[in-house]
Each structure stands twice: as structure tokens, then as C-alpha cells.
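S.K.: Quick one: this structure, given as C-alpha cells, is what I'll be asking you about.
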Amino acid sequence: MTVLIAFLFPVFLFAQNNSEELLEELDQTVADYAVYSNKKEGEINKLKELLSYTSADIQKYDIYGKLYAEYKSYQSDSALIYARKSFQIAEKLNDVRKLNHARLNLASIMGTLGMYKEATDILNQINITTSPELKGYYFTVNSVVYGYMSDYAASLQEKKKYVLLTQKYRDSSLNCYKPQSSAYIMAKSSTLLDTGNHKETLVLLLNYFPKIAHNSDDRAVIAYIISQAYRQKKDAEQEKKWLTISAISDLQLAKKEYISLRSLAFLMYENGDIDRAYKYIKRSLEDALFCNARLRTYEISKMLPIINEAYQKQNETNRFQLVLFLISASILSVFLLAVLFLLFKQMKKLSKAKQDLSLANCKLSELNKELNTFNEKLNETNYTLTEANLLKEIYIGRYMDQCSDYIGKLDEYRRKLNVMATTGKMNDLIGAVKSNQFVENELAAFLTNFDKTFLQLFPNFIPEFSALLIDDEAIQLKEVELLNTELRIFALIRLGIKDSAKISTFLRYSVSTIYNYRSQLKNKAAGPREDFEAKVMRIGTNLK
């Protein structure tokens, strides 16, 4: 059950942080390395300021120890300086514990700097029985120094010897630390890993990791050991994740001597992420050189050419692809320019065609207006012709009826006169010849027939004619009248007889009388008098 919880723990711990998100956080941390370095320098400067305010050896020893701790993974040369100063103060104080602790600090930093002989010489000088409380630290420093020596041993025989010493001192340290301490957990997990027992290593570390403070130096170390356990398990994804967590912790604490980022760089190289591999190995080399960690510099120098070559090849490939892209883009640009040029020409043609079409439309519109005007005139003419034809038809019929009737009446009048002549009634004959009663009767009948015929053709003539006059000058007809003299004059005008002489002959009035009637009615017109007769001509039509 414990094993199951241990394996499931990372899922809950990093549910929101998958590998890519962690790598993005690491990328940002690498980019902000100067921020963390400045913070580190600020903390160191505070300790140096404290140093300038004290002259007591015991206080100086404590401050030198703190400066050593700050510089140990940041700048090895400075750490060595403050370790030696601590040793000098310890000698002055003649405190055995402080002397042994200072010697252990010296041996530890010398191991980091690759000064193995010096480190082992110092370790051999220490009689640890005089400081039993430092046994754990003593065995750990021995284990680390011999571990360095085993990694860079010149022969296999020496390597085996140093490996055995490393394991011996590490196992001894386990008896000196409390089981729940970080030192114990790190030593125990390293022992388990050496025996290939990655399952128990993960059970131990995954349960312990959440308890580590974010600003603790142990966080990066524990995360790195977890990554190595996953490496043994051949789980590359988890190995990458925990290496990333370890590297983030190292960089945010401004450590310059580390292994996680270098290991992650090589893993990125193997996964084909050359850009990140180059960026990480470059950062690792710069930090190792700044720290003067010779062994880390040596390790990086073996990997750097491989990653750098791959990076250069990728750059060449990218450069070739960029050139190819630029050539393709140039060809495409030329093609697009050609298309745009053709399109521009087509647009000019289209614009000219639109202008021509617009001009043609304008001309067509003018022609349509002219045609409409012509059609209106033609309709008016057709209407006039139709009206004239209708008038002709009606008046021809009426004329023939009238003529036939007059012939009959004249024949009857002739027989009446003939009877008077043959019977000798000369007085009656003379009286009949002299009388104009017959003519007046026929004229009255003729005018009545004219009135009926005209009103048949123009039934609304009287109200429409009256509408052309001023309201108080409207035509007043007697009860027995269909038309009066004034209306008959303008009825004849409406029929197209505009000559006053012809109207006077038709109505048996003098020309001056007809003229006076016409003038009087024009003066009564509601509109301009010169338009009056033209308006009369439009009575009975749709042309008002």
C-alpha cells in the first residue's frame, strides 16, 4: 500500500504541472538567472556588512561560516577563502570543535575544486573522536570526496577502491544521522540506488519530498536522486520532470555548482530538443566557470562539443530552410506582383467599361426621357385622332340625318308653296316667302340638336368648363337650356373651330359679338387668360 501511495504521489503533486509546463518555467528561470544572482549577492553583501561592524573573533567565526555556506555552491574560490579564514579564527580561539568543523569545510570545498590530495590530507588530520557531534558531517565529506575521486579515477583499480571508500563512509554516516533528517534520507536513498533498488528509493523520497521547504538546498538534491531512481526504472518522462524540478530549485537558489541542468541538457539532446539542450548546457558551463567548479567544467566540456555540433547542424538546417523559405517567398511575391499587375489592368479595363456603361446609361436615360416625351405626344396625338375620328363618325351620322331631314322639310315647304301658287292664294304665298319663322324654327332645332350631340360627346363639359372660371363667375343656364351662347362658342372651340368668323356664321352672330363673348370669358378665367382656351381644349381628356 505504501508503495502504491509513493508512486501515485507525483500525480497529485504535479497535477497542474506537466513536463512541458515545468520546462517553460525552467526556461523562464534560465532567462532570469541574473535576478537570482543579484538576490544572492544582496544576501552576501549583508553578511559582509555585518563583518565590518564586529571585531570579536567568535562573531567573525560565525559570519565566516555563513559566508562559506553562501559561497559554497555559488563561487568556490570565495568559499575556500572564507573556509580558511574560519580555520584561522578557530586556531586563535583554540576550540577543537570549531577547528574540526573548519577543517571539514576546507576539505569539502577543496573536493569541489578538485584538490583531492589537499582534501584527504586535511581529513586525515582530523581526530573525529574529539568531536563526536561532527561524525555525520565527517563521514559525509569523506564519502563525497572519495565519490569525486571515483568518478575521475585514472584506472579501474583505483575507481573500485574509491567506490568502496565512498560506500563505507556513506554507510557510516547513516549511523550518525536521525532517520527523519535530510542527511539520513539522502545517504539512505543513495545506498538504495547503488544496489539498484529504485522502488524503495522512490517510496522513501516521494514521501519525504513534500516536507522540504522551497528555499532549502536539499530540495534540488532530493529531486535529482528521484530522477536517477526513475532513470533506473527506465521512465524517461519522469526522469525529465524531476531533473527539471531539481534544476529550477538550483537556479532559483543561485547555485552555480550543480548537476541537474547539465544532465537535463543531455536528455534534451537525446530527445531531439536541440535548442533547449544548447541553452541549458551553455548556462551550465557559464555557471561552472563562474563558480570555478573544475570537475563540473570538465564534465560539461565532454558534452558541450556534441550538443554544440548538433546545435550548429540544426542552425545550418534552419538557415537552409530559411533561405529556401525566402526564395519561395520571393518567387511567390513575384507571382503575386504579376497577379496584382494583371488584376490592376483588369480593374482599369473594368473601370473604363463601367464609365462607358455609365455614359451609355446616361444616354439611354436621356433617350428614354425623349421617348417618354415622344410617347406622351404620340398618345396625345392618338387621343386627338381617336377623338377626331369619333367626332367625325358622330357628326357625319348627325349631318346625314340633318341633311336628310332638311331635304324632307324643304320638299314639304316647296309643296306647300306650290299649293298656294296653284290655288291662287297669292297673298298667303307672298306672306310665307317674306316670313323668317321657318328659318328661326329650323335654327332653333339645329342648335338643340347641336347641344345634344356635343353633350353626348362631352357629358362633363359644363362642370369642367365652370371649374376654369372664377367661382362667382360660373355659367348660369336656364331650365330649358342645354347650352347657352357662351357655352356654344367654347363648345365649337373645343371641337377645333377657333376662327371667330366661322363661329359667327355657325351661330348666326356677328364676328364682333363672338369676339366679345370670348374676351369676357377669358377675363373670368381662374388662371392666366392666355392659357384659358388651351385648357378648354383639354376638357374631356386625361391631359389637365
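A note on labels: chains of the C-alpha cells are A, B, ... as shown, every chain counts residues from 1, and ligands are counted from 1 in their shown order.
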So which residues touch Ser172 in chain A within 9 Å, counting only C-alpha atoms, skipping near sequence neighbours fewer than 2 positions away, as an NGL selection string?
M.R.: :A and (135-136 or 139-140 or 167-170 or 174-176)
S.K.: Fewer than 6 positions away in the same chain doesn't count, so skip those; otherwise give me all residues within 9 Å of Ala236 in chain A, counting only C-alpha atoms, as a VMD selection string.
M.R.: chain A and resid 227 230 267
S.K.: Apply DSSP to the backbone of this structure and, from range 255-287 of chain A, keep only the residues in helix (DSSP H, G or I); write these as a PyMOL selection string.
M.R.: chain A and resi 260-270+274-287
S.K.: Mind writing the picked residues with C-alpha atoms as a PDB file, in the first residue's frame?
M.R.:
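selection_15.pdb was written with the following content:
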```pdb
ATOM      1  CA  SER A 260      20.729  18.612 -12.796  1.00  0.00           C
ATOM      2  CA  LEU A 261      20.705  21.195 -15.590  1.00  0.00           C
ATOM      3  CA  ARG A 262      23.712  19.549 -17.271  1.00  0.00           C
ATOM      4  CA  SER A 263      22.025  16.123 -17.112  1.00  0.00           C
ATOM      5  CA  LEU A 264      18.766  17.608 -18.410  1.00  0.00           C
ATOM      6  CA  ALA A 265      20.632  19.228 -21.310  1.00  0.00           C
ATOM      7  CA  PHE A 266      21.940  15.834 -22.445  1.00  0.00           C
ATOM      8  CA  LEU A 267      18.456  14.316 -22.044  1.00  0.00           C
ATOM      9  CA  MET A 268      17.020  17.107 -24.205  1.00  0.00           C
ATOM     10  CA  TYR A 269      19.723  16.355 -26.780  1.00  0.00           C
ATOM     11  CA  GLU A 270      18.718  12.681 -26.812  1.00  0.00           C
ATOM     12  CA  ILE A 274      18.492  20.751 -29.553  1.00  0.00           C
ATOM     13  CA  ASP A 275      17.586  24.361 -28.782  1.00  0.00           C
ATOM     14  CA  ARG A 276      16.897  23.653 -25.120  1.00  0.00           C
ATOM     15  CA  ALA A 277      19.881  21.296 -24.872  1.00  0.00           C
ATOM     16  CA  TYR A 278      22.212  24.030 -26.160  1.00  0.00           C
ATOM     17  CA  LYS A 279      20.650  26.702 -23.940  1.00  0.00           C
ATOM     18  CA  TYR A 280      20.907  24.505 -20.822  1.00  0.00           C
ATOM     19  CA  ILE A 281      24.487  23.298 -21.442  1.00  0.00           C
ATOM     20  CA  LYS A 282      25.583  26.865 -22.190  1.00  0.00           C
ATOM     21  CA  ARG A 283      24.050  28.096 -18.924  1.00  0.00           C
ATOM     22  CA  SER A 284      25.678  25.183 -17.053  1.00  0.00           C
ATOM     23  CA  LEU A 285      29.110  25.985 -18.498  1.00  0.00           C
ATOM     24  CA  GLU A 286      28.841  29.697 -17.660  1.00  0.00           C
ATOM     25  CA  ASP A 287      27.794  28.888 -14.077  1.00  0.00           C
TER      26      ASP A 287
END
```
S.K.: Near range 149-156 of chain A, counting only C-alpha atoms, which residues have an atom at most 9 Å away, once you skip same-chain residues fewer than 2 positions from it, shown as a ChimeraX atom specification?
M.R.: /A:111,114,116,144-147,158-163,166,295
S.K.: Would you save the residues from that selection as a JSON list (two decimals), in the first residue's frame, using N, CA, C and O atoms?
M.R.:
```
[["chain", "number", "residue", "atom", "x", "y", "z"],
["A", 111, "GLY", "N", 37.39, 19.48, -2.28],
["A", 111, "GLY", "CA", 36.88, 18.41, -3.12],
["A", 111, "GLY", "C", 36.13, 18.95, -4.33],
["A", 111, "GLY", "O", 36.27, 18.47, -5.44],
["A", 114, "GLY", "N", 38.49, 20.14, -6.88],
["A", 114, "GLY", "CA", 39.35, 19.12, -7.46],
["A", 114, "GLY", "C", 40.68, 18.98, -6.74],
["A", 114, "GLY", "O", 41.60, 18.33, -7.26],
["A", 116, "TYR", "N", 41.96, 17.07, -4.48],
["A", 116, "TYR", "CA", 41.69, 15.84, -3.74],
["A", 116, "TYR", "C", 42.77, 15.52, -2.71],
["A", 116, "TYR", "O", 42.47, 15.10, -1.59],
["A", 144, "VAL", "N", 31.79, 12.11, -0.02],
["A", 144, "VAL", "CA", 31.70, 12.98, -1.20],
["A", 144, "VAL", "C", 33.04, 13.11, -1.90],
["A", 144, "VAL", "O", 33.14, 13.00, -3.13],
["A", 145, "VAL", "N", 34.12, 13.33, -1.12],
["A", 145, "VAL", "CA", 35.44, 13.48, -1.73],
["A", 145, "VAL", "C", 35.86, 12.21, -2.45],
["A", 145, "VAL", "O", 36.33, 12.26, -3.61],
["A", 146, "TYR", "N", 35.67, 11.06, -1.81],
["A", 146, "TYR", "CA", 36.05, 9.81, -2.48],
["A", 146, "TYR", "C", 35.09, 9.50, -3.65],
["A", 146, "TYR", "O", 35.48, 8.84, -4.61],
["A", 147, "GLY", "N", 33.89, 10.02, -3.54],
["A", 147, "GLY", "CA", 32.97, 9.88, -4.68],
["A", 147, "GLY", "C", 33.47, 10.64, -5.89],
["A", 147, "GLY", "O", 33.44, 10.14, -7.03],
["A", 158, "GLU", "N", 41.80, 1.81, -9.23],
["A", 158, "GLU", "CA", 41.64, 2.95, -8.33],
["A", 158, "GLU", "C", 40.16, 3.30, -8.17],
["A", 158, "GLU", "O", 39.70, 3.66, -7.08],
["A", 159, "LYS", "N", 39.43, 3.19, -9.25],
["A", 159, "LYS", "CA", 38.00, 3.52, -9.22],
["A", 159, "LYS", "C", 37.26, 2.62, -8.23],
["A", 159, "LYS", "O", 36.47, 3.09, -7.42],
["A", 160, "LYS", "N", 37.55, 1.29, -8.30],
["A", 160, "LYS", "CA", 36.91, 0.35, -7.39],
["A", 160, "LYS", "C", 37.25, 0.67, -5.94],
["A", 160, "LYS", "O", 36.41, 0.62, -5.05],
["A", 161, "LYS", "N", 38.51, 1.03, -5.71],
["A", 161, "LYS", "CA", 38.96, 1.37, -4.37],
["A", 161, "LYS", "C", 38.20, 2.57, -3.82],
["A", 161, "LYS", "O", 37.72, 2.56, -2.67],
["A", 162, "TYR", "N", 38.07, 3.60, -4.65],
["A", 162, "TYR", "CA", 37.38, 4.82, -4.20],
["A", 162, "TYR", "C", 35.88, 4.59, -4.04],
["A", 162, "TYR", "O", 35.25, 5.18, -3.15],
["A", 163, "VAL", "N", 35.31, 3.73, -4.88],
["A", 163, "VAL", "CA", 33.88, 3.41, -4.74],
["A", 163, "VAL", "C", 33.61, 2.73, -3.41],
["A", 163, "VAL", "O", 32.64, 3.05, -2.71],
["A", 166, "THR", "N", 33.82, 5.28, -0.71],
["A", 166, "THR", "CA", 32.61, 6.12, -0.75],
["A", 166, "THR", "C", 31.46, 5.43, -0.04],
["A", 166, "THR", "O", 30.77, 6.03, 0.79],
["A", 295, "LEU", "N", 35.61, 20.30, -11.77],
["A", 295, "LEU", "CA", 35.10, 18.99, -12.18],
["A", 295, "LEU", "C", 33.83, 19.14, -13.02],
["A", 295, "LEU", "O", 33.65, 18.43, -14.00]]
```
S.K.: What's the separation between CA of Gly42 in chain A and CA of Tyr61 in chain A, in Å to one decimal place?
M.R.: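 One can read the CA of Gly42 in chain A to CA of Tyr61 in chain A distance as 20.4 Å.
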